[in-house]
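Dumped entry_16.txt below, it's compact mmCIF, C-alpha atoms and all ligand atoms:
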# COMPACT_ATOMS: atom_id res chain seq x y z
CA MET V 987 0.00 0.00 0.00
CA SER V 988 1.47 3.35 -1.01
CA THR V 989 1.75 6.18 1.45
CA HIS V 990 -0.50 9.16 1.73
CA ILE V 991 0.40 12.48 0.17
CA PRO V 992 -0.65 15.42 2.37
CA TYR V 993 -1.64 18.80 0.93
CA GLY V 994 1.23 20.54 2.73
CA ARG V 995 4.09 19.78 5.05
CA GLN V 996 7.23 21.30 6.52
CA SER V 997 10.81 20.70 5.40
CA ILE V 998 13.28 20.42 8.30
CA SER V 999 17.00 20.21 7.51
CA LYS V 1000 19.96 19.09 9.63
CA ASP V 1001 20.92 22.77 9.93
CA ASP V 1002 17.44 23.59 11.27
CA ILE V 1003 17.79 20.87 13.92
CA GLN V 1004 21.30 22.06 14.81
CA ALA V 1005 20.03 25.63 15.24
CA VAL V 1006 17.36 24.48 17.73
CA VAL V 1007 19.79 22.26 19.64
CA ALA V 1008 22.20 25.19 19.96
CA VAL V 1009 19.48 27.23 21.68
CA LEU V 1010 18.73 24.36 24.08
CA GLU V 1011 22.38 24.40 25.10
CA SER V 1012 22.45 28.20 25.49
CA ASP V 1013 21.41 30.53 28.32
CA TRP V 1014 18.16 31.68 26.71
CA LEU V 1015 15.08 29.64 25.87
CA THR V 1016 12.94 32.74 25.49
CA GLN V 1017 13.50 36.51 25.30
CA GLY V 1018 17.04 35.85 24.11
CA PRO V 1019 19.14 36.86 21.11
CA SER V 1020 17.52 34.42 18.63
CA ILE V 1021 14.33 36.48 18.57
CA GLU V 1022 16.07 39.62 17.41
CA ARG V 1023 18.13 37.67 14.90
CA PHE V 1024 14.99 36.15 13.37
CA GLU V 1025 13.17 39.49 13.37
CA ARG V 1026 16.14 41.17 11.68
CA ALA V 1027 16.41 38.38 9.06
CA VAL V 1028 12.74 38.69 8.08
CA ALA V 1029 12.66 42.52 8.17
CA ASP V 1030 15.82 42.77 6.05
CA TYR V 1031 14.61 40.17 3.58
CA CYS V 1032 11.28 41.96 3.13
CA GLY V 1033 12.67 45.48 3.18
CA ALA V 1034 10.72 46.59 6.25
CA LYS V 1035 12.15 48.62 9.15
CA TYR V 1036 10.69 46.64 12.06
CA ALA V 1037 9.49 43.13 12.84
CA VAL V 1038 7.83 41.74 15.97
CA ALA V 1039 7.87 37.94 16.41
CA VAL V 1040 4.93 36.38 18.27
CA ASN V 1041 3.55 32.92 19.02
CA SER V 1042 1.14 32.75 16.05
CA ALA V 1043 -0.22 34.74 13.14
CA THR V 1044 -3.51 34.87 15.03
CA SER V 1045 -1.75 36.74 17.87
CA ALA V 1046 0.03 38.89 15.28
CA LEU V 1047 -3.29 39.87 13.69
CA HIS V 1048 -4.79 40.59 17.10
CA ILE V 1049 -2.06 42.99 18.23
CA ALA V 1050 -1.91 44.56 14.75
CA CYS V 1051 -5.63 45.36 15.02
CA LEU V 1052 -5.12 46.81 18.51
CA ALA V 1053 -2.11 48.85 17.35
CA ALA V 1054 -4.28 50.22 14.51
CA GLY V 1055 -6.65 51.46 17.21
CA LEU V 1056 -9.47 49.06 16.36
CA GLY V 1057 -11.99 48.95 19.19
CA GLU V 1058 -15.60 48.81 20.19
CA ASN V 1059 -18.00 50.41 17.68
CA ASP V 1060 -15.36 50.31 14.95
CA ILE V 1061 -15.84 48.33 11.75
CA PHE V 1062 -13.29 46.22 9.91
CA TRP V 1063 -13.45 44.34 6.62
CA THR V 1064 -11.71 41.27 5.31
CA SER V 1065 -12.18 38.53 2.71
CA PRO V 1066 -14.66 35.69 3.30
CA ASN V 1067 -12.20 33.33 1.56
CA THR V 1068 -9.72 33.00 4.40
CA PHE V 1069 -8.96 31.16 7.60
CA VAL V 1070 -11.25 32.29 10.44
CA ALA V 1071 -8.32 34.03 12.21
CA SER V 1072 -8.38 36.91 9.67
CA ALA V 1073 -11.82 37.86 10.98
CA ASN V 1074 -11.62 36.65 14.59
CA CYS V 1075 -8.73 39.05 15.28
CA GLY V 1076 -10.96 42.11 14.96
CA LEU V 1077 -13.74 40.51 16.99
CA TYR V 1078 -11.23 40.10 19.85
CA CYS V 1079 -11.08 43.93 19.80
CA ARG V 1080 -14.88 44.07 20.04
CA ALA V 1081 -15.11 45.62 16.57
CA ARG V 1082 -17.76 44.67 14.01
CA VAL V 1083 -16.79 42.62 10.96
CA ASP V 1084 -17.95 42.75 7.38
CA PHE V 1085 -16.63 40.97 4.32
CA VAL V 1086 -15.75 41.95 0.76
CA ASP V 1087 -16.64 39.25 -1.77
CA ILE V 1088 -13.85 37.73 -3.84
CA ASP V 1089 -12.53 38.21 -7.34
CA PRO V 1090 -13.46 35.20 -9.49
CA ARG V 1091 -9.95 34.96 -10.96
CA THR V 1092 -7.56 35.56 -8.03
CA TYR V 1093 -9.88 34.52 -5.17
CA ASN V 1094 -8.57 37.59 -3.31
CA LEU V 1095 -11.01 40.25 -2.18
CA SER V 1096 -12.45 41.95 -5.25
CA LEU V 1097 -11.33 45.53 -5.96
CA GLU V 1098 -14.62 46.35 -7.66
CA GLU V 1099 -16.56 45.06 -4.65
CA LEU V 1100 -14.29 46.96 -2.28
CA GLU V 1101 -14.84 50.21 -4.18
CA ARG V 1102 -18.58 49.66 -4.41
CA LYS V 1103 -18.85 48.85 -0.73
CA LEU V 1104 -16.74 51.86 0.30
CA ARG V 1105 -18.89 54.27 -1.74
CA LEU V 1106 -21.99 52.83 -0.11
CA ALA V 1107 -20.50 52.80 3.40
CA LYS V 1108 -19.61 56.46 3.03
CA THR V 1109 -23.25 57.36 2.48
CA THR V 1110 -24.39 55.28 5.47
CA GLY V 1111 -21.58 56.35 7.81
CA LYS V 1112 -20.29 52.79 8.17
CA LEU V 1113 -16.79 53.11 6.76
CA PRO V 1114 -14.25 50.59 8.05
CA LYS V 1115 -11.39 51.66 10.31
CA VAL V 1116 -9.28 48.68 9.23
CA VAL V 1117 -9.22 46.56 6.07
CA ILE V 1118 -7.39 43.21 6.13
CA PRO V 1119 -6.57 42.03 2.60
CA VAL V 1120 -5.50 38.37 2.55
CA HIS V 1121 -2.94 37.36 -0.07
CA PHE V 1122 -4.73 34.14 -0.91
CA ALA V 1123 -2.54 31.16 -1.84
CA GLY V 1124 0.46 33.52 -1.73
CA GLN V 1125 -0.63 35.86 -4.54
CA SER V 1126 -0.67 39.52 -3.55
CA CYS V 1127 -3.85 41.57 -3.62
CA ALA V 1128 -3.87 44.69 -5.83
CA MET V 1129 -2.12 46.72 -3.14
CA ASP V 1130 -1.55 49.85 -5.21
CA ARG V 1131 -5.27 50.52 -5.60
CA ILE V 1132 -6.12 49.37 -2.06
CA ALA V 1133 -3.52 51.85 -0.73
CA GLU V 1134 -5.14 54.66 -2.77
CA LEU V 1135 -8.54 53.76 -1.38
CA SER V 1136 -7.14 53.71 2.16
CA LYS V 1137 -6.11 57.35 1.73
CA GLN V 1138 -9.39 58.33 0.13
CA TYR V 1139 -11.56 56.64 2.77
CA GLY V 1140 -9.24 56.80 5.77
CA PHE V 1141 -8.82 53.15 6.73
CA THR V 1142 -5.67 51.38 7.94
CA ILE V 1143 -4.40 48.38 5.94
CA ILE V 1144 -3.18 45.23 7.70
CA GLU V 1145 -2.00 42.66 5.14
CA ASP V 1146 -2.69 39.08 6.16
CA ALA V 1147 0.29 37.59 4.33
CA SER V 1148 0.14 34.26 6.17
CA HIS V 1149 0.46 32.54 2.77
CA ALA V 1150 2.82 34.95 1.15
CA ILE V 1151 6.31 35.26 2.67
CA GLY V 1152 8.80 35.03 -0.20
CA GLY V 1153 6.28 36.48 -2.67
CA ARG V 1154 6.45 39.86 -4.38
CA TYR V 1155 4.14 42.61 -5.51
CA ARG V 1156 5.55 44.70 -8.37
CA ALA V 1157 9.04 45.82 -7.26
CA THR V 1158 8.43 45.12 -3.57
CA ARG V 1159 8.65 42.02 -1.43
CA ILE V 1160 5.53 41.02 0.49
CA GLY V 1161 6.18 42.33 4.00
CA SER V 1162 7.85 45.57 2.89
CA CYS V 1163 4.72 47.44 4.05
CA ALA V 1164 5.19 49.80 1.07
CA TYR V 1165 1.39 49.74 0.64
CA SER V 1166 0.19 49.11 4.19
CA ALA V 1167 0.64 49.99 7.86
CA MET V 1168 1.44 46.43 8.91
CA THR V 1169 1.93 42.97 7.39
CA VAL V 1170 1.42 39.65 9.19
CA PHE V 1171 3.12 36.30 8.48
CA SER V 1172 2.31 32.81 9.81
CA PHE V 1173 4.93 30.16 10.52
CA HIS V 1174 2.56 27.24 11.03
CA PRO V 1175 4.07 24.02 9.58
CA VAL V 1176 1.95 24.03 6.41
CA LYS V 1177 3.02 27.59 5.54
CA ILE V 1178 6.09 28.60 3.49
CA ILE V 1179 8.57 28.57 6.41
CA THR V 1180 7.85 27.26 9.90
CA THR V 1181 8.66 27.76 13.56
CA GLY V 1182 6.23 25.04 14.72
CA GLU V 1183 3.75 27.70 15.78
CA GLY V 1184 4.59 31.33 15.21
CA GLY V 1185 3.83 34.61 13.54
CA MET V 1186 5.23 38.08 12.93
CA VAL V 1187 4.09 41.65 12.36
CA LEU V 1188 6.17 43.92 10.12
CA THR V 1189 5.90 47.70 9.96
CA ASN V 1190 7.85 50.81 8.99
CA ASN V 1191 6.19 52.95 11.65
CA PRO V 1192 8.19 53.36 14.91
CA SER V 1193 5.18 54.14 17.09
CA LEU V 1194 3.27 51.08 15.80
CA TYR V 1195 6.43 49.06 16.46
CA ASP V 1196 6.67 50.26 20.09
CA LYS V 1197 3.01 49.48 20.62
CA LEU V 1198 3.30 45.99 19.11
CA VAL V 1199 6.30 45.19 21.32
CA ARG V 1200 4.36 46.24 24.43
CA LEU V 1201 1.20 44.35 23.47
CA ARG V 1202 3.26 41.19 22.90
CA SER V 1203 4.28 41.22 26.55
CA HIS V 1204 1.50 42.33 28.93
CA GLY V 1205 1.55 46.04 27.99
CA ILE V 1206 4.74 46.41 30.01
CA THR V 1207 7.43 49.04 29.33
CA ARG V 1208 10.93 49.54 30.69
CA ASP V 1209 11.29 52.90 28.92
CA PRO V 1210 11.48 55.61 31.66
CA SER V 1211 10.13 58.25 29.27
CA LEU V 1212 6.82 56.36 29.09
CA MET V 1213 6.48 55.87 32.87
CA GLU V 1214 4.20 57.87 35.10
CA GLU V 1215 6.75 58.22 37.87
CA GLU V 1216 10.46 57.93 38.31
CA SER V 1217 11.97 54.43 38.15
CA HIS V 1218 12.26 52.75 41.56
CA GLY V 1219 15.44 50.89 40.48
CA PRO V 1220 16.92 48.44 38.01
CA TRP V 1221 14.08 45.89 38.52
CA TYR V 1222 11.41 48.42 37.70
CA TYR V 1223 8.84 48.27 34.91
CA GLN V 1224 5.37 49.66 34.42
CA GLN V 1225 2.31 48.19 32.82
CA ILE V 1226 0.80 51.07 30.89
CA GLU V 1227 -1.87 49.21 28.89
CA LEU V 1228 -3.47 45.76 28.71
CA GLY V 1229 -1.27 43.39 26.71
CA PHE V 1230 -0.80 39.64 26.44
CA ASN V 1231 1.80 36.92 26.63
CA TYR V 1232 2.18 36.40 22.88
CA ARG V 1233 5.96 35.90 22.99
CA MET V 1234 7.79 33.48 20.70
CA THR V 1235 10.44 31.21 22.23
CA ASP V 1236 14.10 31.33 21.17
CA LEU V 1237 13.82 27.70 20.06
CA GLN V 1238 11.20 28.73 17.54
CA ALA V 1239 13.07 31.86 16.48
CA ALA V 1240 16.25 29.87 15.85
CA LEU V 1241 14.29 27.45 13.67
CA GLY V 1242 12.73 30.39 11.85
CA ALA V 1243 16.07 32.12 11.22
CA SER V 1244 17.48 28.88 9.89
CA GLN V 1245 14.44 28.34 7.63
CA MET V 1246 14.80 31.88 6.24
CA LYS V 1247 18.06 30.78 4.58
CA ARG V 1248 16.06 28.42 2.37
CA LEU V 1249 13.04 30.68 1.76
CA ASP V 1250 13.90 31.49 -1.87
CA GLU V 1251 14.60 27.82 -2.55
CA PHE V 1252 11.25 26.85 -0.98
CA VAL V 1253 9.34 29.32 -3.14
CA ALA V 1254 11.26 28.44 -6.33
CA ARG V 1255 10.40 24.76 -5.81
CA ARG V 1256 6.72 25.65 -5.29
CA HIS V 1257 6.80 27.57 -8.59
CA PHE V 1258 8.43 24.65 -10.36
CA LEU V 1259 5.82 22.17 -9.07
CA SER V 1260 3.00 24.62 -9.84
CA SER V 1261 4.08 25.00 -13.44
CA LEU V 1262 4.22 21.21 -13.80
CA TYR V 1263 0.65 21.05 -12.49
CA ASP V 1264 -0.34 23.84 -14.91
CA LYS V 1265 1.11 21.94 -17.83
CA GLU V 1266 -0.43 18.59 -16.92
CA LEU V 1267 -3.85 19.80 -15.84
CA GLN V 1268 -4.61 22.58 -18.32
CA ASP V 1269 -6.47 20.31 -20.76
CA LEU V 1270 -8.68 18.78 -18.08
CA PRO V 1271 -12.10 20.19 -17.11
CA VAL V 1272 -10.58 22.22 -14.26
CA ILE V 1273 -9.54 25.87 -13.86
CA ILE V 1274 -5.86 26.25 -12.99
CA PRO V 1275 -4.61 29.16 -10.81
CA TRP V 1276 -4.67 32.47 -12.66
CA GLN V 1277 -1.70 34.74 -11.96
CA HIS V 1278 -1.70 38.54 -12.12
CA ASP V 1279 1.30 40.17 -13.86
CA ASP V 1280 1.94 42.36 -10.78
CA ALA V 1281 2.34 39.38 -8.44
CA TYR V 1282 5.02 36.76 -7.90
CA SER V 1283 3.13 34.29 -5.71
CA ALA V 1284 4.72 32.38 -2.85
CA PHE V 1285 2.40 29.51 -3.91
CA HIS V 1286 1.35 28.40 -0.46
CA LEU V 1287 -1.56 26.64 -2.18
CA TYR V 1288 -2.25 25.20 -5.60
CA VAL V 1289 -6.02 25.46 -6.03
CA ILE V 1290 -7.97 24.04 -8.96
CA ARG V 1291 -11.65 24.64 -9.60
CA LEU V 1292 -13.77 21.85 -11.02
CA ARG V 1293 -15.87 22.61 -14.08
CA LEU V 1294 -18.72 20.57 -12.69
CA ASP V 1295 -20.82 20.97 -15.84
CA LYS V 1296 -18.15 18.98 -17.67
CA ILE V 1297 -17.44 16.34 -15.01
CA GLY V 1298 -19.56 13.28 -14.32
CA ARG V 1299 -18.85 13.41 -10.58
CA SER V 1300 -19.76 15.79 -7.78
CA HIS V 1301 -17.20 17.91 -5.92
CA LEU V 1302 -17.36 15.54 -2.93
CA GLU V 1303 -17.02 12.49 -5.18
CA VAL V 1304 -13.86 13.93 -6.74
CA PHE V 1305 -12.44 14.48 -3.23
CA GLU V 1306 -13.31 10.93 -2.27
CA ALA V 1307 -11.75 9.53 -5.45
CA LEU V 1308 -8.52 11.40 -4.61
CA ARG V 1309 -8.60 10.18 -0.98
CA GLU V 1310 -9.06 6.59 -2.14
CA ARG V 1311 -5.78 6.93 -3.97
CA GLY V 1312 -4.05 8.40 -0.93
CA ILE V 1313 -4.14 12.01 -2.10
CA LEU V 1314 -5.11 14.10 0.92
CA ALA V 1315 -6.35 17.10 -1.02
CA SER V 1316 -7.94 19.87 1.03
CA LEU V 1317 -10.23 22.88 0.58
CA HIS V 1318 -9.31 26.48 1.33
CA TYR V 1319 -11.61 27.94 2.50
CA ILE V 1320 -15.08 27.40 3.92
CA PRO V 1321 -16.45 30.97 3.53
CA VAL V 1322 -16.00 32.49 6.99
CA HIS V 1323 -19.45 34.13 7.05
CA THR V 1324 -21.13 30.71 6.71
CA GLN V 1325 -19.59 29.38 9.93
CA PRO V 1326 -22.18 28.89 12.70
CA TYR V 1327 -20.52 31.54 14.88
CA TYR V 1328 -20.69 34.11 12.09
CA ARG V 1329 -24.29 33.22 11.24
CA GLU V 1330 -25.05 33.77 14.90
CA ILE V 1331 -23.83 37.36 14.56
CA GLY V 1332 -26.01 37.98 11.52
CA PHE V 1333 -24.41 36.69 8.32
CA MET V 1334 -26.28 34.37 5.98
CA PRO V 1335 -25.50 31.98 3.18
CA GLY V 1336 -25.93 34.00 -0.01
CA ASP V 1337 -24.26 37.12 1.41
CA PHE V 1338 -21.03 36.62 -0.58
CA PRO V 1339 -22.01 34.54 -3.59
CA GLU V 1340 -18.66 34.49 -5.37
CA ALA V 1341 -16.89 33.03 -2.32
CA GLU V 1342 -19.71 30.51 -1.90
CA LYS V 1343 -19.61 29.44 -5.56
CA TYR V 1344 -15.84 29.07 -5.30
CA TYR V 1345 -16.31 26.83 -2.25
CA GLN V 1346 -18.51 24.48 -4.32
CA GLU V 1347 -15.71 23.90 -6.84
CA ALA V 1348 -12.28 24.38 -5.26
CA ILE V 1349 -9.67 21.75 -4.36
CA SER V 1350 -6.19 22.41 -2.92
CA LEU V 1351 -3.79 19.86 -4.39
CA PRO V 1352 -0.64 18.78 -2.53
CA LEU V 1353 2.09 21.40 -2.82
CA TYR V 1354 5.16 21.60 -0.62
CA PHE V 1355 8.95 21.77 -0.91
CA GLY V 1356 9.51 18.05 -0.34
CA LEU V 1357 6.84 16.86 -2.80
CA SER V 1358 8.73 14.56 -5.19
CA GLU V 1359 7.99 14.58 -8.89
CA VAL V 1360 7.03 10.90 -8.61
CA ASP V 1361 4.43 11.72 -5.96
CA GLN V 1362 3.24 14.72 -7.95
CA GLU V 1363 2.74 12.39 -10.93
CA ARG V 1364 0.52 10.24 -8.69
CA VAL V 1365 -1.54 13.31 -7.82
CA ILE V 1366 -1.87 14.29 -11.49
CA ASP V 1367 -2.92 10.78 -12.49
CA ALA V 1368 -5.47 10.66 -9.70
CA VAL V 1369 -6.94 14.03 -10.71
CA ARG V 1370 -7.05 13.02 -14.36
CA GLU V 1371 -8.92 9.85 -13.48
CA ALA V 1372 -11.28 11.59 -11.04
CA VAL V 1373 -12.43 14.33 -13.41
CA GLN V 1374 -12.80 12.36 -16.62
C1 LIG X 1 -2.66 30.12 8.85
C2 LIG X 1 -3.40 31.39 8.71
C3 LIG X 1 -3.66 32.24 9.80
C4 LIG X 1 -3.36 31.85 11.22
O1 LIG X 1 -2.06 31.48 11.39
P1 LIG X 1 -1.59 30.86 12.81
O2 LIG X 1 -0.11 31.08 12.76
O3 LIG X 1 -1.96 29.41 12.76
O4 LIG X 1 -2.25 31.59 13.89
C5 LIG X 1 -4.26 33.45 9.56
N1 LIG X 1 -4.63 33.83 8.32
C6 LIG X 1 -4.43 33.02 7.26
C7 LIG X 1 -4.84 33.51 5.91
C8 LIG X 1 -3.82 31.78 7.43
O5 LIG X 1 -3.67 30.97 6.37
Starting from the file, give its structure as structure tokens.
Ligand SMILES: *Cc1c(COP(=O)(O)O)cnc(C)c1O
Amino acid sequence: MSTHIPYGRQSISKDDIQAVVAVLESDWLTQGPSIERFERAVADYCGAKYAVAVNSATSALHIACLAAGLGENDIFWTSPNTFVASANCGLYCRARVDFVDIDPRTYNLSLEELERKLRLAKTTGKLPKVVIPVHFAGQSCAMDRIAELSKQYGFTIIEDASHAIGGRYRATRIGSCAYSAMTVFSFHPVKIITTGEGGMVLTNNPSLYDKLVRLRSHGITRDPSLMEEESHGPWYYQQIELGFNYRMTDLQAALGASQMKRLDEFVARRHFLSSLYDKELQDLPVIIPWQHDDAYSAFHLYVIRLRLDKIGRSHLEVFEALRERGILASLHYIPVHTQPYYREIGFMPGDFPEAEKYYQEAISLPLYFGLSEVDQERVIDAVREAVQ
């Protein structure tokens, strides 16, 4: 019996393991020098001034929303075609969420919908304070236009780039924050690089940076200029706002810094495998991923859409046919607004039809650095058989 092929998995090298072991033998398991080294490596790679490492992208999104000033009675918008964390983060701040339906080609939030919704929201006084574009599958949103709209309508942009480290938009790397206030990465094992669990916020703004650093660790400062009275001594700190323990460990940061050395290799391999899929699948009754000229995707996901009118099986039957052959394909994403929790707060099926239609047809095929060409051939054969 042949082994299963997952949709994504990490690649851990001997150097990665060595980097973690070295931390275990050092003085610092957390709050040590590895954190700064990892933050510097990511910030320099992306071309951003500052980076703040935290224990997950979910935490990163939460403190980014807080740093943007999102609070009760504020509104924020994101895409319905994302992991629930992109929307939950603003709810943690007691803000109200709304969604912008997706573009049928990129599966990112639609620019036309965003513009339409902003015009309408202006007339009803319900403009968003924060918009969270998600670079779905690793392909950048149309940041140039979104940045223009942010100036026109006065919202702050937080890029959810959980899929997109190593990708580019025009002349900039994702994470440069050239078009946004803050950018968030995830280092979960299925993502492009991993720290086990982990995330990061990047920014070019020093006051956002200071705020993010405080929120990561309880809202505590050791900066005398921010304290309300003179320092009592070398042990002294003050808590000046309500923060969290969202710190990353040095073990994780060392793994992350080591993984950064292979980031370009990881993304190049994903491109290579994606173009093989493109070539082998393009004549089948499926839609292969469309790529915008402005974007160099990190290819976190390779998503096909079934042309169900041309296939004798249902969406679920195609999934089951793949599973029977050991191909653990997946589906990104269940539209967030259709989740029971989100229906509870007022959303309904039918609210974002493009995202819902996409959900009826999409399949994420296995794509990861260590996927061999032999295994990829198995996936291609299984898809060919399942859709014909
Ligand atoms: C994975 C992911 C997250 C959450 O990342 P964690 O590091 O697991 O918290 C958020 N947004 C998107 C788009 C993701 O894919």
Find the smallest box with edges along x, y and z containing every listed atom of ligand LIG 1 (chain X), then add 8 Å on each side and report centre and edge lengths in Å to one decimal, as AutoDock Vina command-line options.
--center_x -2.5 --center_y 31.6 --center_z 9.9 --size_x 20.7 --size_y 20.4 --size_z 24.0
task = Give me the residues within 12 Å of Val1009 (chain V) as a list in words, counting all atoms listed in the file and dropping any in the same chain fewer than 6 places off.
result = Asp1002, Ile1003, Leu1015, Thr1016, Gln1017, Gly1018, Pro1019, Ser1020, Ile1021, Thr1235, Asp1236, Leu1237, Gln1238, Ala1239, Ala1240 and Leu1241 of chain V
task = Find the residue from V:His1048, V:Thr1324, V:Tyr1354, V:Glu1359 that sits nearest to Glu1342 (chain V); use only C-alpha atoms when measuring.
result =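 That would be V:Thr1324, the residue with the smallest distance to Glu1342 (chain V).
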ask   = What's the 9 Å shell around region 1166-1172 of chain V, counting all atoms listed in the file, without same-chain residues fewer than 2 positions away, as a ChimeraX atom specification?
value = /V:1042-1044,1046-1047,1050,1054,1129,1132-1133,1136,1142-1151,1160-1164,1174-1175,1177-1181,1183-1191,1194
Those selected residues, please, written with C-alpha atoms and delivered as a compact mmCIF listing (two decimals), in the frame of the given file.
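Output file result-v1.txt is given in full below:
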# COMPACT_ATOMS: atom_id res chain seq x y z
CA SER V 1042 1.14 32.75 16.05
CA ALA V 1043 -0.22 34.74 13.14
CA THR V 1044 -3.51 34.87 15.03
CA ALA V 1046 0.03 38.89 15.28
CA LEU V 1047 -3.29 39.87 13.69
CA ALA V 1050 -1.91 44.56 14.75
CA ALA V 1054 -4.28 50.22 14.51
CA MET V 1129 -2.12 46.72 -3.14
CA ILE V 1132 -6.12 49.37 -2.06
CA ALA V 1133 -3.52 51.85 -0.73
CA SER V 1136 -7.14 53.71 2.16
CA THR V 1142 -5.67 51.38 7.94
CA ILE V 1143 -4.40 48.38 5.94
CA ILE V 1144 -3.18 45.23 7.70
CA GLU V 1145 -2.00 42.66 5.14
CA ASP V 1146 -2.69 39.08 6.16
CA ALA V 1147 0.29 37.59 4.33
CA SER V 1148 0.14 34.26 6.17
CA HIS V 1149 0.46 32.54 2.77
CA ALA V 1150 2.82 34.95 1.15
CA ILE V 1151 6.31 35.26 2.67
CA ILE V 1160 5.53 41.02 0.49
CA GLY V 1161 6.18 42.33 4.00
CA SER V 1162 7.85 45.57 2.89
CA CYS V 1163 4.72 47.44 4.05
CA ALA V 1164 5.19 49.80 1.07
CA HIS V 1174 2.56 27.24 11.03
CA PRO V 1175 4.07 24.02 9.58
CA LYS V 1177 3.02 27.59 5.54
CA ILE V 1178 6.09 28.60 3.49
CA ILE V 1179 8.57 28.57 6.41
CA THR V 1180 7.85 27.26 9.90
CA THR V 1181 8.66 27.76 13.56
CA GLU V 1183 3.75 27.70 15.78
CA GLY V 1184 4.59 31.33 15.21
CA GLY V 1185 3.83 34.61 13.54
CA MET V 1186 5.23 38.08 12.93
CA VAL V 1187 4.09 41.65 12.36
CA LEU V 1188 6.17 43.92 10.12
CA THR V 1189 5.90 47.70 9.96
CA ASN V 1190 7.85 50.81 8.99
CA ASN V 1191 6.19 52.95 11.65
CA LEU V 1194 3.27 51.08 15.80
request  = Write out as a ChimeraX atom specification the residues lying within 12 Å of region 1328-1332 of chain V, counting all atoms listed in the file and excluding same-chain residues fewer than 2 positions away.
outcome  = /V:1066,1070,1073-1074,1077,1082-1085,1320-1326,1334-1337
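In this model, the gap between atom C4 of ligand LIG 1 (chain X) and CA of Tyr1319 (chain V) comes to 12.6 Å.
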ask   = What separation in Å, quoted to one decimal, exists between CA of Pro1119 (chain V) and CA of Ser1065 (chain V)?
value = 6.6 Å
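Look at Arg1291 (chain V): the protein and nucleic acid residues within 9 Å of it, using all atoms listed in the file and passing over chain neighbours fewer than 4 places away, are Pro1271, Val1272, Ile1273, Ile1274, Pro1275, Tyr1344, Tyr1345, Gln1346, Glu1347, Ala1348, Ile1349 and Ser1350 of chain V.
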